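Undergrad: Just one file: my_file27.csv, with CSV, C-alpha atoms.
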chain,number,residue,atom,x,y,z
A,23,MET,CA,14.1,-24.9,-115.7
A,24,ARG,CA,11.4,-24.3,-118.4
A,25,ILE,CA,12.0,-21.7,-121.1
A,26,SER,CA,9.1,-20.1,-123.0
A,27,VAL,CA,9.8,-18.4,-126.3
A,28,LYS,CA,7.6,-16.8,-128.9
A,29,ALA,CA,8.3,-15.8,-132.5
A,30,PRO,CA,6.0,-13.8,-134.8
A,31,LEU,CA,4.5,-15.0,-138.0
A,32,LYS,CA,5.0,-12.8,-141.0
A,33,THR,CA,3.3,-11.6,-144.1
A,34,ILE,CA,4.9,-10.3,-147.3
A,35,LEU,CA,3.4,-7.1,-148.6
A,36,ALA,CA,5.2,-7.4,-151.9
A,37,GLY,CA,8.0,-9.4,-153.5
A,38,GLU,CA,7.3,-13.1,-153.1
A,39,HIS,CA,9.3,-15.5,-155.4
A,40,ALA,CA,11.2,-12.5,-157.0
A,41,VAL,CA,13.1,-12.2,-153.7
A,42,VAL,CA,14.6,-15.7,-154.2
A,43,TYR,CA,16.3,-14.3,-157.3
A,44,GLY,CA,17.8,-11.2,-155.7
A,45,TYR,CA,15.0,-8.7,-156.1
A,46,PRO,CA,13.8,-6.9,-152.9
A,47,ALA,CA,10.7,-7.7,-150.8
A,48,VAL,CA,8.8,-5.8,-148.1
A,49,ALA,CA,7.6,-7.9,-145.2
A,50,VAL,CA,6.2,-7.4,-141.8
A,51,ALA,CA,6.0,-9.4,-138.5
A,52,LEU,CA,2.5,-10.0,-137.3
A,53,ASP,CA,1.0,-9.8,-133.8
A,54,THR,CA,0.3,-13.5,-134.2
A,55,TYR,CA,2.8,-16.0,-132.8
A,56,VAL,CA,4.3,-19.4,-132.6
A,57,ARG,CA,5.3,-20.5,-129.0
A,58,VAL,CA,7.8,-23.0,-127.9
A,59,THR,CA,8.5,-24.2,-124.4
A,60,ALA,CA,11.8,-26.0,-123.8
A,61,GLU,CA,13.1,-27.8,-120.7
A,62,PRO,CA,15.8,-30.4,-120.0
A,63,GLY,CA,14.8,-33.9,-120.7
A,64,ASP,CA,16.3,-37.4,-120.5
A,65,ASP,CA,18.1,-39.1,-123.4
A,66,SER,CA,16.6,-37.5,-126.5
A,67,PHE,CA,14.7,-34.5,-127.8
A,68,ARG,CA,10.9,-35.1,-127.4
A,69,VAL,CA,8.6,-32.9,-129.4
A,70,GLU,CA,4.9,-32.4,-128.9
A,71,THR,CA,3.3,-30.2,-131.6
A,72,GLU,CA,0.0,-29.2,-133.1
A,73,LEU,CA,1.7,-28.0,-136.2
A,74,SER,CA,0.6,-30.9,-138.3
A,75,CYS,CA,-2.0,-31.8,-140.8
A,76,GLU,CA,-2.4,-35.0,-138.8
A,77,GLY,CA,-3.4,-33.2,-135.6
A,78,ASN,CA,-1.5,-33.2,-132.3
A,79,VAL,CA,1.5,-35.4,-132.6
A,80,SER,CA,4.5,-36.5,-130.5
A,81,ALA,CA,7.9,-37.5,-131.9
A,82,GLU,CA,11.5,-38.3,-130.8
A,83,ILE,CA,14.4,-36.6,-132.4
A,84,THR,CA,18.0,-37.6,-132.0
A,85,ARG,CA,21.0,-35.2,-131.6
A,86,ASP,CA,21.8,-35.7,-135.3
A,87,GLY,CA,18.3,-34.7,-136.4
A,88,ASN,CA,16.8,-38.1,-137.1
A,89,VAL,CA,13.0,-38.3,-136.4
A,90,LYS,CA,11.9,-41.5,-134.7
A,91,GLY,CA,8.4,-42.8,-134.2
A,92,PHE,CA,6.6,-40.9,-136.9
A,93,ARG,CA,3.5,-42.3,-138.4
A,94,SER,CA,3.8,-41.3,-142.0
A,95,GLU,CA,6.3,-39.8,-144.5
A,96,SER,CA,4.2,-36.5,-144.7
A,97,LEU,CA,4.6,-36.1,-140.9
A,98,HIS,CA,8.3,-36.7,-141.2
A,99,GLU,CA,8.5,-33.9,-143.8
A,100,GLU,CA,6.5,-31.5,-141.5
A,101,LEU,CA,8.9,-32.2,-138.6
A,102,ALA,CA,12.0,-31.6,-140.8
A,103,TYR,CA,12.4,-28.0,-139.7
A,104,VAL,CA,12.3,-28.9,-136.0
A,105,ALA,CA,14.6,-31.9,-136.5
A,106,THR,CA,17.1,-29.8,-138.4
A,107,ALA,CA,16.9,-27.0,-135.8
A,108,VAL,CA,17.6,-29.6,-133.1
A,109,ARG,CA,20.7,-30.8,-134.9
A,110,LYS,CA,21.9,-27.3,-135.4
A,111,ALA,CA,21.4,-26.5,-131.7
A,112,SER,CA,23.3,-29.6,-130.8
A,113,GLU,CA,26.2,-28.6,-133.0
A,114,GLU,CA,26.2,-24.9,-132.1
A,115,PHE,CA,25.2,-24.8,-128.5
A,116,ASP,CA,25.8,-28.4,-127.4
A,117,ALA,CA,22.2,-28.4,-126.4
A,118,PRO,CA,21.2,-31.1,-123.9
A,119,PRO,CA,18.3,-33.5,-124.5
A,120,SER,CA,15.1,-31.5,-124.0
A,121,ASN,CA,11.4,-31.6,-124.2
A,122,LEU,CA,9.8,-29.2,-126.7
A,123,ARG,CA,6.2,-28.2,-126.9
A,124,ILE,CA,5.2,-26.2,-130.0
A,125,THR,CA,1.9,-24.3,-130.5
A,126,SER,CA,0.8,-21.7,-133.0
A,127,GLU,CA,-1.9,-19.1,-133.4
A,128,ALA,CA,-2.2,-19.9,-137.1
A,129,PRO,CA,-2.4,-23.1,-139.2
A,130,PRO,CA,0.8,-24.8,-140.5
A,131,ALA,CA,1.8,-24.6,-144.1
A,132,SER,CA,0.0,-21.3,-144.4
A,133,GLY,CA,2.5,-19.0,-146.1
A,134,LEU,CA,3.0,-17.0,-142.9
A,135,GLY,CA,6.5,-18.1,-142.1
A,136,THR,CA,5.4,-20.7,-139.6
A,137,SER,CA,8.4,-23.0,-140.3
A,138,ALA,CA,10.9,-20.1,-139.8
A,139,ALA,CA,9.1,-19.0,-136.7
A,140,VAL,CA,9.2,-22.5,-135.2
A,141,THR,CA,12.8,-22.8,-136.2
A,142,ALA,CA,13.8,-19.5,-134.5
A,143,ALA,CA,11.8,-20.3,-131.4
A,144,VAL,CA,13.3,-23.8,-131.1
A,145,LEU,CA,16.8,-22.5,-131.6
A,146,LEU,CA,16.5,-19.7,-129.0
A,147,GLY,CA,14.8,-22.1,-126.5
A,148,LEU,CA,17.5,-24.6,-126.8
A,149,ALA,CA,20.2,-21.9,-126.6
A,150,GLU,CA,18.6,-20.7,-123.3
A,151,VAL,CA,18.4,-24.3,-122.0
A,152,SER,CA,22.1,-24.7,-122.9
A,153,GLY,CA,23.1,-21.5,-121.1
A,154,VAL,CA,24.4,-20.0,-124.3
A,155,ASP,CA,24.0,-16.3,-125.1
A,156,VAL,CA,23.1,-16.2,-128.8
A,157,SER,CA,22.7,-13.0,-130.8
A,158,ARG,CA,19.8,-12.2,-133.1
A,159,GLU,CA,22.1,-12.3,-136.1
A,160,GLU,CA,23.3,-15.8,-135.2
A,161,ILE,CA,19.6,-16.9,-134.9
A,162,ARG,CA,18.9,-15.4,-138.3
A,163,ARG,CA,21.8,-17.2,-139.9
A,164,LEU,CA,20.8,-20.5,-138.4
A,165,VAL,CA,17.2,-20.2,-139.4
A,166,ARG,CA,18.3,-19.5,-143.0
A,167,GLU,CA,20.6,-22.5,-142.9
A,168,VAL,CA,17.7,-24.7,-141.7
A,169,GLU,CA,15.4,-23.4,-144.5
A,170,LEU,CA,18.1,-24.1,-147.1
A,171,GLU,CA,18.7,-27.6,-145.9
A,172,VAL,CA,15.0,-28.5,-145.8
A,173,GLN,CA,13.7,-26.5,-148.9
A,174,GLY,CA,16.8,-26.5,-151.1
A,175,LYS,CA,16.4,-22.8,-151.9
A,176,ALA,CA,15.3,-19.9,-149.7
A,177,SER,CA,15.6,-16.2,-149.4
A,178,TRP,CA,16.5,-14.3,-146.2
A,179,THR,CA,13.0,-13.0,-145.9
A,180,ASP,CA,11.4,-15.3,-143.3
A,181,ALA,CA,14.5,-15.7,-141.3
A,182,THR,CA,15.0,-11.9,-141.0
A,183,VAL,CA,11.4,-11.0,-140.2
A,184,VAL,CA,10.8,-13.6,-137.5
A,185,THR,CA,14.1,-12.8,-135.9
A,186,TYR,CA,14.0,-9.0,-135.9
A,187,GLY,CA,10.2,-8.1,-136.2
A,188,GLY,CA,8.7,-4.9,-137.6
A,189,PHE,CA,8.5,-3.9,-141.2
A,190,VAL,CA,11.6,-4.7,-143.2
A,191,ARG,CA,13.0,-4.4,-146.7
A,192,ILE,CA,15.0,-7.5,-147.7
A,193,SER,CA,17.4,-7.6,-150.6
A,194,GLY,CA,19.6,-10.6,-150.7
A,195,ARG,CA,21.1,-11.0,-147.2
A,196,GLU,CA,20.9,-7.2,-146.5
A,197,PHE,CA,17.8,-5.8,-144.8
A,198,GLU,CA,16.7,-2.4,-143.6
A,199,PRO,CA,13.9,-1.6,-141.0
A,200,ILE,CA,11.0,0.5,-142.3
A,201,GLU,CA,9.3,3.0,-140.0
A,202,PRO,CA,5.9,3.7,-141.6
A,203,GLU,CA,4.0,6.9,-141.1
A,204,ARG,CA,0.8,4.9,-140.4
A,205,ASN,CA,0.3,1.3,-139.3
A,206,PRO,CA,-2.4,-0.5,-141.3
A,207,VAL,CA,-5.0,-3.0,-140.1
A,208,LEU,CA,-4.2,-6.4,-141.6
A,209,VAL,CA,-6.5,-9.4,-142.2
A,210,VAL,CA,-5.1,-12.9,-143.0
A,211,ALA,CA,-7.4,-15.6,-144.4
A,212,HIS,CA,-6.4,-19.2,-144.9
A,213,SER,CA,-7.5,-21.0,-148.0
A,214,GLN,CA,-7.8,-24.4,-146.2
A,215,GLU,CA,-5.2,-25.7,-148.6
A,216,PRO,CA,-1.5,-26.2,-147.5
A,217,SER,CA,1.2,-24.2,-149.0
A,218,ARG,CA,4.5,-26.0,-149.5
A,219,THR,CA,7.3,-23.5,-149.9
A,220,GLY,CA,9.9,-25.8,-151.3
A,221,GLU,CA,7.6,-27.2,-153.8
A,222,MET,CA,6.3,-23.9,-155.0
A,223,VAL,CA,9.8,-22.4,-155.3
A,224,ARG,CA,10.7,-25.4,-157.5
A,225,ARG,CA,7.6,-24.9,-159.6
A,226,VAL,CA,8.4,-21.2,-160.3
A,227,ALA,CA,12.0,-22.1,-161.0
A,228,GLU,CA,10.8,-24.7,-163.6
A,229,LEU,CA,8.5,-22.1,-165.1
A,230,ARG,CA,11.3,-19.6,-165.3
A,231,GLU,CA,13.4,-22.2,-167.2
A,232,ARG,CA,10.6,-22.7,-169.8
A,233,LEU,CA,9.4,-19.2,-170.2
A,234,ASP,CA,11.7,-16.2,-170.8
A,235,ILE,CA,8.9,-13.8,-169.8
A,236,VAL,CA,9.2,-14.9,-166.2
A,237,ASP,CA,12.3,-12.8,-165.8
A,238,GLY,CA,10.3,-9.8,-166.9
A,239,VAL,CA,7.7,-10.6,-164.3
A,240,MET,CA,10.3,-10.8,-161.6
A,241,GLU,CA,11.7,-7.4,-162.7
A,242,LEU,CA,8.3,-5.8,-162.5
A,243,ILE,CA,7.8,-7.2,-159.0
A,244,GLY,CA,11.1,-5.7,-158.0
A,245,LYS,CA,10.2,-2.3,-159.3
A,246,LEU,CA,6.8,-2.6,-157.5
A,247,VAL,CA,8.5,-3.3,-154.2
A,248,ASP,CA,10.6,-0.1,-154.5
A,249,ASP,CA,7.4,2.0,-155.1
A,250,LEU,CA,5.6,0.2,-152.2
A,251,GLU,CA,8.4,0.9,-149.8
A,252,VAL,CA,8.3,4.6,-150.5
A,253,ALA,CA,4.5,4.7,-150.1
A,254,LEU,CA,4.7,2.8,-146.8
A,255,ARG,CA,7.3,5.1,-145.4
A,256,ASN,CA,5.1,8.1,-146.4
A,257,GLY,CA,1.9,6.6,-144.9
A,258,ASP,CA,0.2,6.5,-148.3
A,259,LEU,CA,-1.8,3.3,-147.6
A,260,ARG,CA,-3.9,3.7,-150.7
A,261,THR,CA,-0.9,3.4,-152.9
A,262,VAL,CA,0.4,0.5,-150.8
A,263,GLY,CA,-2.9,-1.3,-151.4
A,264,GLU,CA,-2.9,-0.6,-155.1
A,265,LEU,CA,0.6,-2.0,-155.4
A,266,MET,CA,-0.4,-5.1,-153.4
A,267,ASN,CA,-3.2,-5.6,-155.9
A,268,ALA,CA,-0.7,-5.3,-158.8
A,269,ASN,CA,1.6,-7.8,-157.1
A,270,HIS,CA,-1.2,-10.3,-156.8
A,271,GLY,CA,-1.8,-10.1,-160.5
A,272,LEU,CA,1.9,-10.8,-161.2
A,273,LEU,CA,2.0,-13.7,-158.7
A,274,ALA,CA,-1.1,-15.2,-160.5
A,275,ALA,CA,0.9,-14.9,-163.7
A,276,LEU,CA,3.4,-17.2,-162.0
A,277,ASN,CA,0.7,-19.8,-161.4
A,278,VAL,CA,1.0,-19.6,-157.6
A,279,SER,CA,-2.6,-18.5,-156.9
A,280,THR,CA,-5.6,-20.9,-156.6
A,281,ARG,CA,-9.3,-20.8,-157.0
A,282,ALA,CA,-9.8,-20.4,-153.2
A,283,LEU,CA,-7.2,-17.7,-152.9
A,284,GLU,CA,-8.8,-15.8,-155.8
A,285,GLU,CA,-12.2,-16.0,-154.0
A,286,ILE,CA,-10.6,-14.7,-150.7
A,287,VAL,CA,-9.0,-11.8,-152.5
A,288,HIS,CA,-12.3,-10.9,-154.2
A,289,VAL,CA,-14.1,-10.9,-150.8
A,290,PHE,CA,-11.4,-8.7,-149.3
A,291,ARG,CA,-11.7,-6.1,-152.1
A,292,SER,CA,-15.5,-6.2,-151.9
A,293,ALA,CA,-15.3,-5.5,-148.2
A,294,GLY,CA,-13.3,-2.4,-148.7
A,295,ALA,CA,-9.7,-3.6,-148.6
A,296,LEU,CA,-7.2,-1.1,-150.0
A,297,GLY,CA,-5.2,-4.1,-151.3
A,298,ALA,CA,-5.3,-7.9,-151.2
A,299,LYS,CA,-2.9,-10.6,-152.4
A,300,VAL,CA,-1.5,-14.0,-152.0
A,301,THR,CA,1.1,-14.0,-149.3
A,302,GLY,CA,4.0,-16.4,-149.1
A,303,ALA,CA,4.8,-19.2,-151.6
A,304,GLY,CA,1.2,-19.7,-152.7
A,305,GLY,CA,-0.3,-22.8,-154.1
A,306,GLY,CA,-2.6,-22.7,-151.1
A,307,GLY,CA,-1.9,-21.1,-147.7
A,308,CYS,CA,-3.1,-17.5,-147.1
A,309,ALA,CA,-4.0,-14.2,-148.6
A,310,VAL,CA,-3.5,-10.9,-146.8
A,311,ALA,CA,-5.4,-7.7,-147.1
A,312,LEU,CA,-4.7,-4.2,-146.0
A,313,PHE,CA,-7.5,-2.1,-144.5
A,314,GLU,CA,-7.6,1.5,-143.2
A,315,ARG,CA,-10.7,0.9,-141.0
A,316,GLU,CA,-11.0,-1.9,-138.5
A,317,GLU,CA,-14.8,-2.2,-139.0
A,318,ASP,CA,-14.2,-3.1,-142.7
A,319,ALA,CA,-11.6,-5.6,-141.6
A,320,LYS,CA,-14.0,-7.3,-139.2
A,321,ARG,CA,-16.7,-7.4,-141.9
A,322,ALA,CA,-14.3,-9.2,-144.2
A,323,VAL,CA,-13.6,-11.7,-141.5
A,324,GLU,CA,-17.3,-12.4,-140.9
A,325,THR,CA,-17.9,-12.9,-144.7
A,326,LEU,CA,-15.0,-15.2,-145.1
A,327,SER,CA,-15.9,-17.2,-142.0
A,328,ALA,CA,-19.4,-17.7,-143.4
A,329,LEU,CA,-17.8,-19.1,-146.6
A,330,GLY,CA,-15.8,-21.6,-144.5
A,331,TYR,CA,-12.5,-19.9,-144.5
A,332,GLU,CA,-10.4,-19.2,-141.3
A,333,ALA,CA,-9.6,-15.5,-141.1
A,334,PHE,CA,-8.4,-13.1,-138.4
A,335,VAL,CA,-7.5,-9.4,-137.9
A,336,THR,CA,-3.9,-8.7,-136.9
A,337,ARG,CA,-1.5,-5.8,-136.5
A,338,PRO,CA,2.2,-5.3,-137.3
A,339,SER,CA,4.4,-6.5,-134.4
A,340,PRO,CA,7.7,-4.7,-133.6
A,341,CYS,CA,9.0,-7.8,-131.8
A,342,GLY,CA,11.1,-10.6,-133.2
A,343,VAL,CA,11.7,-13.9,-131.5
A,344,LYS,CA,12.1,-13.4,-127.8
A,345,THR,CA,12.0,-15.3,-124.5
A,346,GLU,CA,8.8,-14.7,-122.6
A,347,ASP,CA,9.5,-16.0,-119.2
A,348,SER,CA,11.1,-18.9,-117.4
A,349,GLY,CA,10.0,-21.1,-114.6
A,350,SER,CA,10.9,-24.2,-112.6
Please re-express this file's structure in structure tokens.

TA:
Amino acid sequence: MRISVKAPLKTILAGEHAVVYGYPAVAVALDTYVRVTAEPGDDSFRVETELSCEGNVSAEITRDGNVKGFRSESLHEELAYVATAVRKASEEFDAPPSNLRITSEAPPASGLGTSAAVTAAVLLGLAEVSGVDVSREEIRRLVREVELEVQGKASWTDATVVTYGGFVRISGREFEPIEPERNPVLVVAHSQEPSRTGEMVRRVAELRERLDIVDGVMELIGKLVDDLEVALRNGDLRTVGELMNANHGLLAALNVSTRALEEIVHVFRSAGALGAKVTGAGGGGCAVALFEREEDAKRAVETLSALGYEAFVTRPSPCGVKTEDSGS
């Protein structure tokens, strides 16, 4: 039996990095997905994936999470989330050896929660193959555990959004769905530079140790998130956008923006975005913009494409990780 699972990618409207230190964040699942197919295999877990800077790759993973047959250390690092998810599924569900095929509608290491989405989809796929009924909260817990093992430090943001979908406010482990009065049009643009979450979280932690002012920046981000949540619930997209702009400035102060990300943000704002900012850990990856009109969003995509960036229009998705269908 073949199981097909999809998990949404996500973007953070406000709160990156500060959320790691207990401040809130507002994030949303995107109508852009990672897909995993899982079916029983022979004697190990065989993975085929395009989620690699080295192109399409195949690898073998043992029940205890060891990756065999990888070509480089960088590839081994990229497969760490999948390998750890396989080990967790073996421990939690007694998952049988399976073949996994992973695809994504967005690039890896993009700051869109790709690793969390892949982890959630692999876990749910292997639970289904195992005949185990797993709750969403169990999936969320396991995704967070995988992220902690691989990254060393992680908030609950990505695990929550890819599992439950929709708009959410995250504060520590607790989260609350947000029902906005109006759904915005969103555009995501990739800087063509990878974003390594673990590395960027460590860099910000080191900066925080050296500079007392970083705690003040985190506090400002937390206050900004509270205001953005209120504006979002009330359908005040203009204020949401202005607060996204302010959040970008604070993230730049934490040294997580890049020249390419700054150019993308400038193009977004010139094209009529209500707000634009780095999304995710930064240091590369993506920027996100909020638009009121789809024609403005499409114009921004055209401009960015002409400059050599990959950009796409997307919408909020109410769906978290879910099984699509099954077949023989």

Undergrad: Do a neighbour search on Glu72 (chain A) at 7 Å with all atoms listed in the file, toss out local chain neighbours closer than 4 positions, and write the hits as a PyMOL selection string.

TA: chain A and resi 77-79+124-125

Undergrad: Looking at only C-alpha atoms, which of A:Gly244, A:Pro216, A:Gly330, A:Gly188 is the one that sits closest to Ala36 (chain A)?

TA: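 Among the listed residues, the smallest separation from Ala36 (chain A) belongs to A:Gly244.
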
Undergrad: What is the distance between CA of Gly153 (chain A) and CA of Arg57 (chain A), in Å to one decimal?

TA: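 Here the two named atoms are 19.5 Å from each other.
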
Undergrad: Which residue is closest to Val183 (chain A)? Choose from A:Gly305, A:Gly147, A:Pro199, A:Pro62 and count all atoms listed in the file.

TA: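 Of A:Gly305, A:Gly147, A:Pro199, A:Pro62, the one nearest Val183 (chain A) is A:Pro199, counting all atoms listed in the file.
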
Undergrad: Point out the residue among A:Gly135, A:Gly63, A:Pro206, A:Gly220 with the least atom-to-atom distance to Thr336 (chain A), counting all atoms listed in the file.

TA: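 Smallest separation from Thr336 (chain A) among the options: A:Pro206.
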
Undergrad: Could you jot down the CA of Val144 (chain A) to CA of Val207 (chain A) separation for me, Å, one decimal place?

TA: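 Distance reported for this atom pair: 29.1 Å.
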
Undergrad: Leaving out Thr71 (chain A) and any residue of its chain fewer than 5 positions from it, which residues lie within 12 Å of it when counting all atoms listed in the file, given as an NGL selection string?

TA: :A and (56-59 or 76-82 or 97 or 100-101 or 104 or 121-126 or 129-130 or 140 or 144)

Undergrad: Could you make a table, as a tab-separated table, of the residues of region 65-156 of chain A that have an atom within 9 Å of an atom of region 52-55 of chain A, each with its nearest atom pair and distance in Å to one decimal, counting all atoms listed in the file, in chain and number order?

TA:
residue	atom	partner	partner_atom	distance
A:Thr125	CA	A:Tyr55	CA	8.7
A:Ser126	CA	A:Tyr55	CA	6.0
A:Glu127	CA	A:Tyr55	CA	5.7
A:Ala128	CA	A:Thr54	CA	7.5
A:Leu134	CA	A:Leu52	CA	9.0
A:Thr136	CA	A:Tyr55	CA	8.7
A:Ala139	CA	A:Tyr55	CA	8.0

Undergrad: Counting only C-alpha atoms, what is within 9 Å of Ser66 (chain A), bar same-chain residues fewer than 6 positions away, as a count of residues only?

TA: 8

Undergrad: Which polymer residues have any atom within 8 Å of an atom of region 282-299 of chain A, counting all atoms listed in the file, with same-chain residues fewer than 4 positions away left out, as a list of chain:residue names?

TA: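 Answer for this query is A:Ala211, A:Ser213, A:Leu259, A:Arg260, A:Val262, A:Gly263, A:Glu264, A:Leu265, A:Met266, A:Asn267, A:Asn269, A:His270, A:Gly306, A:Cys308, A:Ala309, A:Val310, A:Ala311, A:Leu312, A:Phe313, A:Glu314, A:Asp318, A:Ala319, A:Arg321, A:Ala322, A:Thr325, A:Leu326.
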
Undergrad: With C-alpha atoms retained, export the selected residues as a PDB file, in the frame of the given file.

TA:
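That gives us out19.pdb:
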ATOM      1  CA  ALA A 211      -7.400 -15.600-144.400  1.00  0.00           C
ATOM      2  CA  SER A 213      -7.500 -21.000-148.000  1.00  0.00           C
ATOM      3  CA  LEU A 259      -1.800   3.300-147.600  1.00  0.00           C
ATOM      4  CA  ARG A 260      -3.900   3.700-150.700  1.00  0.00           C
ATOM      5  CA  VAL A 262       0.400   0.500-150.800  1.00  0.00           C
ATOM      6  CA  GLY A 263      -2.900  -1.300-151.400  1.00  0.00           C
ATOM      7  CA  GLU A 264      -2.900  -0.600-155.100  1.00  0.00           C
ATOM      8  CA  LEU A 265       0.600  -2.000-155.400  1.00  0.00           C
ATOM      9  CA  MET A 266      -0.400  -5.100-153.400  1.00  0.00           C
ATOM     10  CA  ASN A 267      -3.200  -5.600-155.900  1.00  0.00           C
ATOM     11  CA  ASN A 269       1.600  -7.800-157.100  1.00  0.00           C
ATOM     12  CA  HIS A 270      -1.200 -10.300-156.800  1.00  0.00           C
ATOM     13  CA  GLY A 306      -2.600 -22.700-151.100  1.00  0.00           C
ATOM     14  CA  CYS A 308      -3.100 -17.500-147.100  1.00  0.00           C
ATOM     15  CA  ALA A 309      -4.000 -14.200-148.600  1.00  0.00           C
ATOM     16  CA  VAL A 310      -3.500 -10.900-146.800  1.00  0.00           C
ATOM     17  CA  ALA A 311      -5.400  -7.700-147.100  1.00  0.00           C
ATOM     18  CA  LEU A 312      -4.700  -4.200-146.000  1.00  0.00           C
ATOM     19  CA  PHE A 313      -7.500  -2.100-144.500  1.00  0.00           C
ATOM     20  CA  GLU A 314      -7.600   1.500-143.200  1.00  0.00           C
ATOM     21  CA  ASP A 318     -14.200  -3.100-142.700  1.00  0.00           C
ATOM     22  CA  ALA A 319     -11.600  -5.600-141.600  1.00  0.00           C
ATOM     23  CA  ARG A 321     -16.700  -7.400-141.900  1.00  0.00           C
ATOM     24  CA  ALA A 322     -14.300  -9.200-144.200  1.00  0.00           C
ATOM     25  CA  THR A 325     -17.900 -12.900-144.700  1.00  0.00           C
ATOM     26  CA  LEU A 326     -15.000 -15.200-145.100  1.00  0.00           C
TER      27      LEU A 326
END
